[in-house]
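This is start-v2.csv. It holds CSV, C-alpha atoms.
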chain,number,residue,atom,x,y,z
A,1,MET,CA,185.2,171.1,104.7
A,2,PHE,CA,185.1,172.6,101.2
A,3,CYS,CA,182.1,171.7,99.1
A,4,LEU,CA,181.6,173.9,96.0
A,5,ASP,CA,180.8,172.4,92.6
A,6,MET,CA,182.8,173.0,89.5
A,7,ARG,CA,181.4,173.7,86.1
A,8,SER,CA,183.9,171.2,84.6
A,9,MET,CA,186.5,168.7,85.6
A,10,PHE,CA,188.8,170.3,83.0
A,11,ASP,CA,189.3,173.4,85.2
A,12,MET,CA,191.2,171.1,87.6
A,13,SER,CA,194.2,170.2,85.4
A,14,GLU,CA,197.5,169.7,87.2
A,15,GLY,CA,199.1,172.6,85.5
A,16,GLY,CA,196.6,175.1,86.8
A,17,GLY,CA,193.6,174.4,84.5
A,18,LEU,CA,191.9,176.2,81.6
A,19,PRO,CA,191.2,179.9,81.8
A,20,VAL,CA,187.9,180.6,83.4
A,21,ALA,CA,185.4,183.0,81.8
A,22,GLY,CA,185.1,186.1,83.9
A,23,GLY,CA,188.2,185.2,85.8
A,24,THR,CA,191.0,187.5,86.8
A,25,ASN,CA,194.5,187.9,85.3
A,26,ARG,CA,196.7,188.8,88.3
A,27,GLY,CA,200.4,188.3,87.6
A,28,LEU,CA,200.2,184.9,86.1
A,29,GLY,CA,200.0,186.0,82.4
A,30,ARG,CA,196.6,184.2,82.1
A,31,GLU,CA,193.2,184.1,83.7
A,32,LEU,CA,193.0,182.3,87.1
A,33,THR,CA,191.2,178.9,87.1
A,34,SER,CA,188.3,178.0,89.3
A,35,LEU,CA,190.6,175.9,91.4
A,36,GLU,CA,193.0,178.8,91.9
A,37,HIS,CA,190.2,181.1,92.9
A,38,SER,CA,188.8,178.4,95.2
A,39,VAL,CA,192.2,178.0,96.9
A,40,LEU,CA,192.3,181.8,97.5
A,41,GLY,CA,188.8,181.4,99.1
A,42,VAL,CA,189.8,178.5,101.3
A,43,LEU,CA,193.0,180.2,102.4
A,44,LEU,CA,190.9,183.3,103.3
A,45,LYS,CA,188.9,181.1,105.7
A,46,LEU,CA,191.9,179.4,107.2
A,47,GLN,CA,194.7,182.1,107.2
A,48,PRO,CA,197.3,182.3,108.3
A,49,CYS,CA,198.1,178.7,107.6
A,50,ARG,CA,200.4,176.3,106.0
A,51,ALA,CA,199.8,174.9,102.5
A,52,HIS,CA,199.1,171.5,104.2
A,53,ALA,CA,196.0,172.9,105.9
A,54,VAL,CA,194.6,173.9,102.5
A,55,VAL,CA,195.4,170.4,101.1
A,56,LEU,CA,193.6,168.8,104.0
A,57,GLU,CA,190.6,171.0,103.4
A,58,LEU,CA,190.3,170.1,99.7
A,59,ALA,CA,191.1,166.4,100.4
A,60,ALA,CA,188.1,166.2,102.7
A,61,SER,CA,185.8,167.9,100.2
A,62,GLN,CA,182.5,166.3,99.3
A,63,THR,CA,183.2,167.4,95.7
A,64,MET,CA,185.4,164.8,93.9
A,65,ALA,CA,186.8,167.4,91.5
A,66,TYR,CA,188.4,169.2,94.5
A,67,ARG,CA,189.4,166.1,96.4
A,68,SER,CA,191.1,164.6,93.4
A,69,LYS,CA,193.3,167.7,92.9
A,70,ALA,CA,194.4,168.1,96.5
A,71,GLY,CA,197.9,166.9,95.7
A,72,SER,CA,198.4,169.7,93.2
A,73,ILE,CA,197.9,172.5,95.8
A,74,TYR,CA,201.6,172.9,96.9
A,75,PRO,CA,202.9,174.0,93.4
A,76,LEU,CA,199.7,175.9,92.8
A,77,MET,CA,200.2,178.0,96.0
A,78,ASN,CA,203.8,178.6,95.1
A,79,ARG,CA,202.7,180.0,91.8
A,80,LEU,CA,200.1,182.2,93.4
A,81,ALA,CA,202.7,183.5,95.9
A,82,GLU,CA,205.2,184.2,93.1
A,83,ALA,CA,202.4,186.1,91.3
A,84,GLY,CA,201.8,188.3,94.4
A,85,LEU,CA,198.4,186.8,95.2
A,86,LEU,CA,199.6,185.3,98.4
A,87,ALA,CA,202.0,186.5,101.1
A,88,TYR,CA,204.3,183.9,102.7
A,89,GLU,CA,205.9,184.5,106.0
A,90,GLY,CA,207.0,182.2,108.9
A,91,ARG,CA,206.1,179.2,106.7
A,92,LYS,CA,202.5,180.3,106.6
A,93,TYR,CA,200.4,181.8,103.8
A,94,ARG,CA,197.8,184.5,103.8
A,95,LEU,CA,196.0,186.4,101.1
A,96,SER,CA,197.7,189.6,99.8
A,97,GLU,CA,195.5,192.6,99.0
A,98,THR,CA,195.9,191.6,95.3
A,99,GLY,CA,194.7,188.1,96.1
A,100,LEU,CA,191.7,189.4,98.0
A,101,ASP,CA,190.8,191.7,95.1
A,102,ALA,CA,191.1,188.7,92.7
A,103,LEU,CA,188.9,186.6,94.8
A,104,ARG,CA,186.3,189.4,95.3
A,105,GLU,CA,186.2,190.0,91.5
A,106,TRP,CA,185.6,186.2,90.9
A,107,VAL,CA,182.8,186.0,93.5
A,108,ARG,CA,181.1,189.2,92.5
A,109,ALA,CA,178.1,189.2,90.0
A,110,PRO,CA,177.5,188.8,87.2
A,111,ILE,CA,178.2,185.1,87.1
A,112,PRO,CA,179.5,184.0,83.6
A,113,THR,CA,177.0,182.1,81.6
A,114,THR,CA,179.5,179.2,81.3
A,115,ASP,CA,179.2,178.7,85.0
A,116,ILE,CA,175.4,178.3,84.9
A,117,CYS,CA,175.0,174.7,84.1
A,118,THR,CA,174.1,171.3,85.7
A,119,SER,CA,176.6,169.8,88.1
A,120,LEU,CA,178.7,166.9,87.1
A,121,ASP,CA,176.7,163.8,88.4
A,122,LEU,CA,178.3,160.5,87.6
A,123,ILE,CA,175.3,158.6,88.9
A,124,ARG,CA,173.1,160.4,86.3
A,125,SER,CA,175.8,159.7,83.7
A,126,ARG,CA,175.7,156.0,84.5
A,127,ALA,CA,171.9,156.0,84.4
A,128,TYR,CA,172.0,157.1,80.8
A,129,PHE,CA,173.5,153.7,79.9
A,130,LEU,CA,171.5,151.4,82.2
A,131,ASP,CA,169.9,149.7,79.2
A,132,ILE,CA,173.0,147.5,78.9
A,133,LEU,CA,172.3,145.9,82.2
A,134,SER,CA,169.8,143.2,83.3
A,135,LYS,CA,166.7,144.3,85.1
A,136,ALA,CA,168.0,142.9,88.3
A,137,ASP,CA,171.3,144.9,87.9
A,138,VAL,CA,169.4,148.1,87.1
A,139,PHE,CA,167.4,147.9,90.4
A,140,ALA,CA,170.6,147.0,92.3
A,141,PHE,CA,172.2,150.1,90.8
A,142,ILE,CA,169.2,152.2,91.9
A,143,ASP,CA,169.3,150.7,95.5
A,144,SER,CA,173.1,151.3,95.8
A,145,ALA,CA,172.8,154.9,94.5
A,146,GLU,CA,170.0,155.7,97.0
A,147,THR,CA,171.8,154.2,99.9
A,148,GLN,CA,175.0,156.1,99.2
A,149,LEU,CA,173.2,159.4,98.6
A,150,VAL,CA,171.3,159.1,101.9
A,151,ALA,CA,174.7,158.6,103.6
A,152,LEU,CA,176.0,161.7,101.8
A,153,LEU,CA,173.0,163.7,102.9
A,154,LYS,CA,173.6,162.8,106.5
A,155,SER,CA,177.2,163.9,106.3
A,156,LEU,CA,176.2,167.2,104.7
A,157,GLU,CA,173.5,167.8,107.4
A,158,ALA,CA,176.3,167.4,110.0
A,159,ARG,CA,178.5,169.9,108.1
A,160,VAL,CA,175.6,172.5,108.0
A,161,HIS,CA,175.3,172.2,111.7
A,162,GLU,CA,179.1,172.7,112.2
A,163,HIS,CA,178.9,175.9,110.2
A,164,VAL,CA,175.9,177.0,112.2
A,165,ASP,CA,177.8,176.3,115.5
A,166,SER,CA,180.9,178.2,114.3
A,167,GLY,CA,178.9,181.2,113.1
A,168,ASP,CA,180.0,180.9,109.5
A,169,ARG,CA,176.8,181.9,107.9
A,170,PHE,CA,178.0,181.8,104.3
A,171,GLY,CA,179.7,178.5,104.8
A,172,GLN,CA,176.3,177.3,106.2
A,173,LEU,CA,174.5,178.5,103.1
A,174,ALA,CA,177.0,176.9,100.7
A,175,PHE,CA,176.6,173.5,102.4
A,176,ASP,CA,172.9,174.0,102.5
A,177,GLY,CA,173.0,174.3,98.7
A,178,ALA,CA,174.9,171.0,98.5
A,179,LEU,CA,172.4,169.4,100.9
A,180,ARG,CA,169.4,170.5,98.8
A,181,GLU,CA,171.1,169.3,95.7
A,182,THR,CA,171.7,165.9,97.3
A,183,GLN,CA,168.1,165.7,98.5
A,184,ALA,CA,167.0,166.4,94.9
A,185,ARG,CA,169.2,163.5,93.6
A,186,ILE,CA,167.6,161.2,96.2
A,187,ASP,CA,164.1,162.3,95.0
A,188,TRP,CA,165.2,161.7,91.4
A,189,ILE,CA,166.6,158.2,92.0
A,190,ARG,CA,163.4,157.2,93.9
A,191,ALA,CA,161.3,158.5,91.0
A,192,VAL,CA,163.4,156.4,88.7
A,193,ARG,CA,162.7,153.3,90.8
A,194,GLU,CA,159.0,154.1,90.9
A,195,GLU,CA,158.7,154.6,87.2
A,196,LEU,CA,160.7,151.5,86.2
A,197,SER,CA,158.7,149.4,88.8
A,198,ARG,CA,155.5,150.5,87.1
A,199,ASP,CA,156.6,150.3,83.4
A,200,TYR,CA,160.0,148.7,82.6
A,201,PRO,CA,161.1,149.3,79.1
A,202,THR,CA,162.0,146.6,76.6
A,203,PRO,CA,165.9,146.5,76.6
A,204,LYS,CA,167.7,147.7,73.5
A,205,PHE,CA,170.8,145.7,74.2
A,206,LYS,CA,171.0,142.1,75.3
How would this structure read if it were set down as structure tokens?
Amino acid sequence: MFCLDMRSMFDMSEGGGLPVAGGTNRGLGRELTSLEHSVLGVLLKLQPCRAHAVVLELAASQTMAYRSKAGSIYPLMNRLAEAGLLAYEGRKYRLSETGLDALREWVRAPIPTTDICTSLDLIRSRAYFLDILSKADVFAFIDSAETQLVALLKSLEARVHEHVDSGDRFGQLAFDGALRETQARIDWIRAVREELSRDYPTPKFK
């Protein structure tokens, strides 16, 4: 299951997305997007395979930005094949040498500074506006967030073990990053509860 974070939801537009800093220009007349690069990476893990296998991998992702764009993968892969990044034979795709070079160039350091940022966290985004809720609703929000994050943590732990069992060391390390990030989010929401339990602010909006 695919689980990498994106620097921006805008990289995931239906038409291929915005150009990515440090990306590669390989036959498309523009830089490849993060989604296109990621599809190359997923295909590398699964090849040879049909486009549907890549769609299923993204649809099952723990990262909503990938999951929400799973349906756009068919035309995206067609574009990559037409640009020479993918080879298509017997109704199955595999990376061409050009596609592998493009993926390698994207993964290789240095990482563009635009990609070094905090992950999109819609729990944290909601927390920024919690002062519009009643105290009871705020603590209900915190309880709900913790419960769902703990469930996510357990599913990520299972995915790490699957990669360990399959011998996919780098897949294991990628999921371990997601697991650690989720544990940090749990620690944060618990710290929020503790602080608000000790000293609840005067609401600005009633």
At what distance in Å, to one decimal, does atom CA of A:Asp176 lie from atom CA of A:Val160?
6.3 Å
Stretch 68-82 of chain A environment, 6 Å, only C-alpha atoms, sequence neighbours closer than 6 positions dropped, as an MDAnalysis selection string:
chainID A and resid 55 58:59
Smallest atom-to-atom distance to A:Arg94: which of A:Leu149, A:Leu122, A:Leu43, A:Leu196, using all atoms listed in the file?
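Among A:Leu149, A:Leu122, A:Leu43, A:Leu196, it is A:Leu43 that comes nearest to A:Arg94.
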Using Å and a single decimal, report how far atom CA of A:Glu146 sits from atom CA of A:Ile186.
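Atom-to-atom, atom CA of A:Ile186 and atom CA of A:Glu146 are spaced 6.1 Å apart.
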In terms of the shortest atom-to-atom distance over only C-alpha atoms, which of A:His161, A:Ile142, A:Gly177, A:Lys154 is closest to A:Arg190?
A:Ile142
At a cut-off of 8 Å, can you tabulate as a Markdown table every residue of stretch 55-122 of chain A near stretch 25-34 of chain A together with its closest atom pair and the distance in Å to one decimal, using all atoms listed in the file and ordering rows by chain then number?
| residue | atom | partner | partner_atom | distance |
| --- | --- | --- | --- | --- |
| A:Arg79 | CA | A:Leu28 | CA | 7.9 |
| A:Leu80 | CA | A:Leu28 | CA | 7.8 |
| A:Ala83 | CA | A:Gly27 | CA | 4.7 |
| A:Gly84 | CA | A:Gly27 | CA | 6.9 |
| A:Leu85 | CA | A:Arg26 | CA | 7.4 |
| A:Thr98 | CA | A:Arg26 | CA | 7.6 |
| A:Ala102 | CA | A:Arg26 | CA | 7.1 |
Excluding A:Arg193 and its own-chain neighbours fewer than 2 positions away, which residues fall within 12 Å of it when counting all atoms listed in the file? Please give them as a VMD selection string.
chain A and resid 127 135 to 136 138 to 146 186 to 191 195 to 200
Find the distance between atom CA of A:Asp137 and atom CA of A:Pro203 and write it in Å to one decimal.
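Here the two named atoms are 12.6 Å from each other.
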Could you list, as an MDAnalysis selection string, every residue within 10 Å of A:Gly41, counting all atoms listed in the file and ignoring same-chain residues fewer than 6 positions away?
chainID A and resid 2 35 95 99:100 102:104 107
